[in-house]
Structure formats: structure tokens, C-alpha cells
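J.: To start, I am sharing the structure in question, which I have written as C-alpha cells.
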Amino acid sequence: MSAVRENGVIVAIDGPSGAGKSSLTKLLAQRLGYIHIDTGAMFRAVALMSKRAGIATDDDARLAELCRGLEVTFVRDGENCRVLANGEDVSTEIRTEEIGLLTSAISARKPVREALLTMQRAMGAKGGVILEGRDIGTVVFPDAEVKFFLSASAEERGRRRYLELAARGDKATLEETIAKVIQRDQQDEGREHAPLKQADDALPIDSTSLSIEEVLTVMENAVRERLAQDDKR
Ligand code: DC
């Protein structure tokens with residue numbers, strides 16, 4: 001056990017959509033016995049609720065009010081994790097392409113980022129957690145003990161997403177899916193508040209031609225190395 005925080009270290013995994021963050025974070029959390037926090041799901045929950053309330057993506061006053069009245073929580077469901085927005089299970093509804101693009105716009109707004117920043121810091125402070133997102137290593141926990149920046153080419157990320165959608169029976173073409181991946185990257189990297197960018201002290205991993213198992217091994221070794229160093233102190 002690390003001496004750094006009460007329950008262990010904080011691991012930050014940032015990177016663009018489709019780089020494999022969710023699968024890897026889940027597996028790494030299982031191997032380490034850590035809690036997994038999918039911060040993208042929190043932004044998606046805000047986007048879904050804003051859509052239902054008919055709030056425009058640039059209406060900061062109403063977005064701030066929405067966030068004040070919103071509690072996003074995670075509950076374990078066997079191997080998976082359900083996302084609850086004020087107690088309602090929104091896990092499936094937040095995963096559509098439409099909500100994905102809306103989330104990218106909503107997550108650029110300052111009041112939304114501020115509200116979720118507070119929630120994420122409270123969830124992770126004791127350590128023993130892996131947070132995945134876009135700004136974990138740069139803004140949410142700049143002092144995280146281990147940071148990864150996971151990327152892959154836009155074509156490969158689009159291909160992975162396309163296969164996921166096809167398995168669900170979605171009719172999107174490969175070209176359209178790659179175009180949406182590129183559009184989301186531009187929105188996430190170009191925004192003013194907490195843009196997607198690699199922290200200076202993050203370990204970059206390009207997963208374009210690596211298997212999940214290969215990436216997982218690199219990550220697990222890096223975390224265990226850090227834990228061993230802390231134990232020696
Ligand atoms: O990881 P994801 O695809 O579920 O994320 C959905 C959107 O949320 C993505 O376009 C960027 C945004 N996001 C963010 O701005 N900051 C985070 N920490 C996580 C996600």
C-alpha cells in the first residue's frame with residue numbers, strides 16, 4: 001500500500017475518444033483493486049439532462065443551475081458500472097452518438113467544468129482510484145502520482161468506433177465515423193477551458209498497433225513501480 005494517500009495512489013488516464021481509455025481503465029482498476037471513475041460519463045449525464053430540459057449549449061446561467069441540482073453517481077453492477085443522474089440509471093441513454101457530440105459542446109462550458117471538477121476531486125481525493133478523461137492529469141489532479149496519455153491514429157479510433165456501432169446494428173459508414181472522431185478531437189483540443197492536452201509528466205502511449213493486453217501491461221508495470229518506490233520511502 002502506498003504511503004502517499006489513504007487508499008493508494010491516483011492514476012490519471014487522459015486521451016482522445018476511441019483510444020481505448022474505458023476498456024483499459026476498467027481492466028487496470030480490476031488488476032489493482034482500485035475504483036474506476038469515468039469522468040466522460042459525468043459530462044454525458046449533464047449533456048443528457050440539458051437536452052431534456054431544452055437548455056441551449058451556450059446558456060451558461062441555466063447550465064450552472066442544472067449542475068447545482070444534479071448529482072452524478074456510479075454504482076457497481078457485476079463487472080460493469082451504472083451511471084446514475086439524480087438516482088436515475090442513464091447508462092444506456094448517454095452512449096448515443098448524438099449525446100457524444102452534445103457532450104463535447106457542453107463540456108467546453110465553464111460552469112459545467114467547474115461543477116464537475118469539484119465532484120471529481122471529492123471522488124478521487126483519498127486515492128486508490130483511476131480517473132479517465134481529458135484533463136485529469138492537467139487540471140483535476142495535476143499532482144496525480146501516475147499519469148498516462150493514451151492516443152491512437154484518428155483512422156484507427158474511427159475504425160474501432162465503427163465496429164462497436166456496427167455490432168449494435170447502427171448503420172453509420174466508416175468514413176462518417178472517422179469524420180466524427182476528427183470533429184470531436186477538434187472540439188476537445190480547441191476549447192478555451194481545460195482543453196485535451198498531454199500533461200508534461202504523463203507517459204504517452206500510442207495504442208494504434210498495440211493490443212489491449214500490451215497496453216495494460218505497460219500501465220500496470222508503471223503503477224506497480226510507483227507503488228514500490230513509495231513503499232521504500
Ligand atoms: O470519454 P467520452 O467520449 O465519454 O467523453 C465525452 C465528451 O466529454 C468528450 O467529447 C470530451 C468531454 N470530456 C471532457 O471534456 N473532460 C473529461 N474529463 C471527460 C470528457
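Starting from 1 in every chain, residues are counted up; chains themselves are A, B, ... following the order of the C-alpha cells, and ligands are numbered from 1 as listed.
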Can you tell me which residues come within 7 Å of ligand 1 when counting only C-alpha atoms and all ligand atoms, ideally as a list in words?

T.: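 Using only C-alpha atoms and all ligand atoms, I find these residues within 7 Å of ligand 1: Ser17, Thr39, Gly40, Ala41, Phe43, Arg44, Gly100, Leu101, Thr103, Ser104, Ser107, Ala108, Glu132, Gly133, Arg134, Asp135, Ile136, Arg184 and Asp188 of chain A.
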
J.: From region 5-230 of chain A, collect each residue whose DSSP state is strand (DSSP E) and return the set as a ChimeraX atom specification.

T.: /A:10-14,35-38,72-77,80-85,88-89,129-133,146-151,203-206

J.: Based on the selection just made, write C-alpha atoms of those residues as a short mmCIF file (atom, residue, chain, number, x, y, z; two decimals), in the first residue's frame.

T.:
```
data_model
loop_
_atom_site.label_atom_id
_atom_site.label_comp_id
_atom_site.auth_asym_id
_atom_site.auth_seq_id
_atom_site.Cartn_x
_atom_site.Cartn_y
_atom_site.Cartn_z
CA ILE A 10 -4.21 8.46 -8.05
CA VAL A 11 -3.85 7.28 -11.64
CA ALA A 12 -4.86 9.70 -14.43
CA ILE A 13 -5.64 8.37 -17.91
CA ASP A 14 -6.27 11.08 -20.49
CA ILE A 35 -12.03 2.36 -8.10
CA HIS A 36 -12.66 3.44 -11.71
CA ILE A 37 -14.13 6.89 -12.38
CA ASP A 38 -15.31 7.58 -15.94
CA VAL A 72 -23.98 12.01 -10.69
CA THR A 73 -23.07 8.74 -9.01
CA PHE A 74 -21.67 5.37 -10.06
CA VAL A 75 -22.94 2.01 -8.84
CA ARG A 76 -21.28 -1.33 -9.45
CA ASP A 77 -23.25 -3.85 -11.45
CA ASN A 80 -19.81 -3.07 -15.07
CA CYS A 81 -20.64 0.27 -13.60
CA ARG A 82 -24.00 2.04 -13.94
CA VAL A 83 -24.23 5.82 -14.15
CA LEU A 84 -26.99 7.49 -12.16
CA ALA A 85 -28.19 11.07 -12.62
CA GLU A 88 -31.99 7.58 -12.48
CA ASP A 89 -29.99 5.00 -14.41
CA VAL A 129 -8.60 5.45 -7.94
CA ILE A 130 -8.13 5.63 -11.68
CA LEU A 131 -9.80 8.57 -13.35
CA GLU A 132 -10.17 8.64 -17.11
CA GLY A 133 -10.94 11.78 -19.08
CA VAL A 146 0.86 8.22 -12.22
CA LYS A 147 -0.33 9.78 -15.48
CA PHE A 148 -0.88 8.25 -18.90
CA PHE A 149 -1.78 9.92 -22.16
CA LEU A 150 -3.35 7.30 -24.38
CA SER A 151 -3.73 8.00 -28.08
CA LEU A 203 3.66 8.71 -20.02
CA PRO A 204 2.47 8.78 -23.66
CA ILE A 205 1.17 5.51 -25.09
CA ASP A 206 0.17 5.16 -28.76
#
```

J.: Find the spatial neighbours of Glu164 (chain A), counting only C-alpha atoms, within a cut-off of 12 Å - ignore same-chain residues fewer than 6 positions away - and output them as a ChimeraX atom specification.

T.: /A:18,95-97,157-158,170-174,177

J.: Could the residues in this selection be saved with N, CA and C atoms as an mmCIF file, in the first residue's frame?

T.:
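What follows is the written file part-v5.cif:
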```cif
data_model
loop_
_atom_site.group_PDB
_atom_site.id
_atom_site.type_symbol
_atom_site.label_atom_id
_atom_site.label_comp_id
_atom_site.auth_asym_id
_atom_site.auth_seq_id
_atom_site.Cartn_x
_atom_site.Cartn_y
_atom_site.Cartn_z
ATOM 1 N N GLY A 18 -11.993 7.094 -28.200
ATOM 2 C CA GLY A 18 -11.690 5.925 -29.029
ATOM 3 C C GLY A 18 -10.276 5.394 -28.886
ATOM 4 N N ARG A 95 -24.926 7.011 -24.125
ATOM 5 C CA ARG A 95 -23.914 6.456 -25.042
ATOM 6 C C ARG A 95 -24.217 6.646 -26.518
ATOM 7 N N THR A 96 -25.238 7.423 -26.880
ATOM 8 C CA THR A 96 -25.531 7.581 -28.308
ATOM 9 C C THR A 96 -24.539 8.574 -28.932
ATOM 10 N N GLU A 97 -24.435 8.540 -30.273
ATOM 11 C CA GLU A 97 -23.571 9.479 -30.995
ATOM 12 C C GLU A 97 -24.019 10.916 -30.760
ATOM 13 N N ARG A 157 -9.011 4.904 -34.419
ATOM 14 C CA ARG A 157 -10.059 5.154 -33.429
ATOM 15 C C ARG A 157 -11.436 5.135 -34.084
ATOM 16 N N GLY A 158 -11.506 5.688 -35.303
ATOM 17 C CA GLY A 158 -12.767 5.678 -36.058
ATOM 18 C C GLY A 158 -13.154 4.246 -36.414
ATOM 19 N N ASP A 170 -26.008 -0.224 -35.741
ATOM 20 C CA ASP A 170 -26.037 1.155 -36.241
ATOM 21 C C ASP A 170 -25.541 1.181 -37.694
ATOM 22 N N LYS A 171 -26.186 2.019 -38.540
ATOM 23 C CA LYS A 171 -25.868 1.982 -39.969
ATOM 24 C C LYS A 171 -24.790 2.979 -40.418
ATOM 25 N N ALA A 172 -24.092 3.637 -39.508
ATOM 26 C CA ALA A 172 -23.089 4.647 -39.894
ATOM 27 C C ALA A 172 -21.997 4.023 -40.759
ATOM 28 N N THR A 173 -21.451 4.809 -41.695
ATOM 29 C CA THR A 173 -20.355 4.284 -42.525
ATOM 30 C C THR A 173 -19.029 4.551 -41.814
ATOM 31 N N LEU A 174 -17.978 3.864 -42.288
ATOM 32 C CA LEU A 174 -16.648 4.042 -41.695
ATOM 33 C C LEU A 174 -16.174 5.492 -41.870
ATOM 34 N N THR A 177 -17.883 7.852 -39.534
ATOM 35 C CA THR A 177 -17.447 7.652 -38.147
ATOM 36 C C THR A 177 -16.078 8.284 -37.920
#
```

J.: Mind checking DSSP for region 142-222 of chain A and telling me the helix (DSSP H, G or I) residues as a PDB file with C-alpha atoms, in the first residue's frame?

T.:
```pdb
ATOM      1  CA  ALA A 154      -7.899   9.035 -35.880  1.00  0.00           C
ATOM      2  CA  GLU A 155      -8.383   6.325 -38.545  1.00  0.00           C
ATOM      3  CA  GLU A 156      -7.822   3.525 -36.048  1.00  0.00           C
ATOM      4  CA  ARG A 157     -10.059   5.154 -33.429  1.00  0.00           C
ATOM      5  CA  GLY A 158     -12.767   5.678 -36.058  1.00  0.00           C
ATOM      6  CA  ARG A 159     -12.435   2.044 -37.142  1.00  0.00           C
ATOM      7  CA  ARG A 160     -12.837   0.805 -33.554  1.00  0.00           C
ATOM      8  CA  ARG A 161     -15.881   3.024 -33.027  1.00  0.00           C
ATOM      9  CA  TYR A 162     -17.368   1.886 -36.362  1.00  0.00           C
ATOM     10  CA  LEU A 163     -17.071  -1.790 -35.323  1.00  0.00           C
ATOM     11  CA  GLU A 164     -18.742  -1.005 -31.989  1.00  0.00           C
ATOM     12  CA  LEU A 165     -21.609   0.788 -33.744  1.00  0.00           C
ATOM     13  CA  ALA A 166     -21.994  -1.974 -36.359  1.00  0.00           C
ATOM     14  CA  ALA A 167     -22.201  -4.574 -33.570  1.00  0.00           C
ATOM     15  CA  LEU A 174     -16.648   4.042 -41.695  1.00  0.00           C
ATOM     16  CA  GLU A 175     -15.950   7.417 -43.360  1.00  0.00           C
ATOM     17  CA  GLU A 176     -18.689   9.175 -41.388  1.00  0.00           C
ATOM     18  CA  THR A 177     -17.447   7.652 -38.147  1.00  0.00           C
ATOM     19  CA  ILE A 178     -13.848   8.748 -38.757  1.00  0.00           C
ATOM     20  CA  ALA A 179     -15.091  12.260 -39.639  1.00  0.00           C
ATOM     21  CA  LYS A 180     -16.988  12.440 -36.314  1.00  0.00           C
ATOM     22  CA  VAL A 181     -13.896  11.316 -34.394  1.00  0.00           C
ATOM     23  CA  ILE A 182     -11.883  14.116 -36.026  1.00  0.00           C
ATOM     24  CA  GLN A 183     -14.643  16.665 -35.325  1.00  0.00           C
ATOM     25  CA  ARG A 184     -14.752  15.649 -31.639  1.00  0.00           C
ATOM     26  CA  ASP A 185     -10.935  15.857 -31.374  1.00  0.00           C
ATOM     27  CA  GLN A 186     -11.008  19.394 -32.764  1.00  0.00           C
ATOM     28  CA  GLN A 187     -13.729  20.455 -30.308  1.00  0.00           C
ATOM     29  CA  ASP A 188     -11.955  18.866 -27.321  1.00  0.00           C
ATOM     30  CA  GLU A 189      -8.483  20.206 -28.221  1.00  0.00           C
ATOM     31  CA  GLY A 190      -9.573  23.656 -29.356  1.00  0.00           C
ATOM     32  CA  ILE A 212      -5.239  -4.122 -25.043  1.00  0.00           C
ATOM     33  CA  GLU A 213      -3.130  -6.667 -23.159  1.00  0.00           C
ATOM     34  CA  GLU A 214       0.121  -4.984 -24.275  1.00  0.00           C
ATOM     35  CA  VAL A 215      -1.047  -1.537 -23.176  1.00  0.00           C
ATOM     36  CA  LEU A 216      -2.416  -2.929 -19.921  1.00  0.00           C
ATOM     37  CA  THR A 217       0.945  -4.489 -19.087  1.00  0.00           C
ATOM     38  CA  VAL A 218       2.781  -1.182 -19.650  1.00  0.00           C
ATOM     39  CA  MET A 219       0.283   0.624 -17.426  1.00  0.00           C
ATOM     40  CA  GLU A 220       0.223  -1.946 -14.653  1.00  0.00           C
ATOM     41  CA  ASN A 221       4.033  -2.053 -14.529  1.00  0.00           C
ATOM     42  CA  ALA A 222       4.248   1.744 -14.296  1.00  0.00           C
TER      43      ALA A 222
END
```

J.: Which residues of region 97-181 of chain A have any atom within 12 Å of an atom in region 55-68 of chain A when counting only C-alpha atoms, and what is the closest pair of atoms for each, with the distance in Å to one decimal? Order the rows by chain and rising number and write it as a Markdown table.

T.:
```
| residue | atom | partner | partner_atom | distance |
| --- | --- | --- | --- | --- |
| A:Leu101 | CA | A:Thr57 | CA | 11.2 |
| A:Leu102 | CA | A:Thr57 | CA | 7.9 |
| A:Thr103 | CA | A:Thr57 | CA | 9.3 |
| A:Ser104 | CA | A:Thr57 | CA | 10.0 |
| A:Ala105 | CA | A:Thr57 | CA | 6.6 |
| A:Ile106 | CA | A:Thr57 | CA | 5.7 |
| A:Ser107 | CA | A:Thr57 | CA | 9.3 |
| A:Ala108 | CA | A:Thr57 | CA | 9.3 |
| A:Arg109 | CA | A:Asp60 | CA | 7.0 |
| A:Lys110 | CA | A:Asp60 | CA | 7.7 |
| A:Pro111 | CA | A:Ala64 | CA | 5.2 |
| A:Val112 | CA | A:Ala64 | CA | 6.4 |
| A:Arg113 | CA | A:Ala64 | CA | 9.7 |
| A:Glu114 | CA | A:Ala64 | CA | 9.0 |
| A:Ala115 | CA | A:Cys67 | CA | 6.3 |
| A:Leu116 | CA | A:Cys67 | CA | 8.1 |
| A:Leu117 | CA | A:Cys67 | CA | 11.4 |
| A:Thr118 | CA | A:Cys67 | CA | 11.1 |
| A:Met119 | CA | A:Cys67 | CA | 10.5 |
```

J.: Those same residues - C-alpha atoms - I'd like them written as a PDB file, in the first residue's frame.

T.:
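Listing of out_8.pdb after writing:
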```pdb
ATOM      1  CA  LEU A 101     -21.344  15.302 -29.807  1.00  0.00           C
ATOM      2  CA  LEU A 102     -23.580  17.342 -27.492  1.00  0.00           C
ATOM      3  CA  THR A 103     -21.313  16.406 -24.584  1.00  0.00           C
ATOM      4  CA  SER A 104     -18.306  17.688 -26.450  1.00  0.00           C
ATOM      5  CA  ALA A 105     -20.033  21.106 -26.765  1.00  0.00           C
ATOM      6  CA  ILE A 106     -21.446  21.178 -23.212  1.00  0.00           C
ATOM      7  CA  SER A 107     -18.134  20.122 -21.665  1.00  0.00           C
ATOM      8  CA  ALA A 108     -16.478  23.242 -23.113  1.00  0.00           C
ATOM      9  CA  ARG A 109     -18.646  25.492 -20.879  1.00  0.00           C
ATOM     10  CA  LYS A 110     -17.010  26.942 -17.780  1.00  0.00           C
ATOM     11  CA  PRO A 111     -19.839  26.368 -15.246  1.00  0.00           C
ATOM     12  CA  VAL A 112     -20.102  22.729 -16.280  1.00  0.00           C
ATOM     13  CA  ARG A 113     -16.347  22.186 -15.916  1.00  0.00           C
ATOM     14  CA  GLU A 114     -16.287  23.927 -12.534  1.00  0.00           C
ATOM     15  CA  ALA A 115     -19.179  21.876 -11.138  1.00  0.00           C
ATOM     16  CA  LEU A 116     -17.732  18.560 -12.284  1.00  0.00           C
ATOM     17  CA  LEU A 117     -14.208  19.499 -11.177  1.00  0.00           C
ATOM     18  CA  THR A 118     -15.456  19.792  -7.594  1.00  0.00           C
ATOM     19  CA  MET A 119     -17.300  16.451  -7.808  1.00  0.00           C
TER      20      MET A 119
END
```
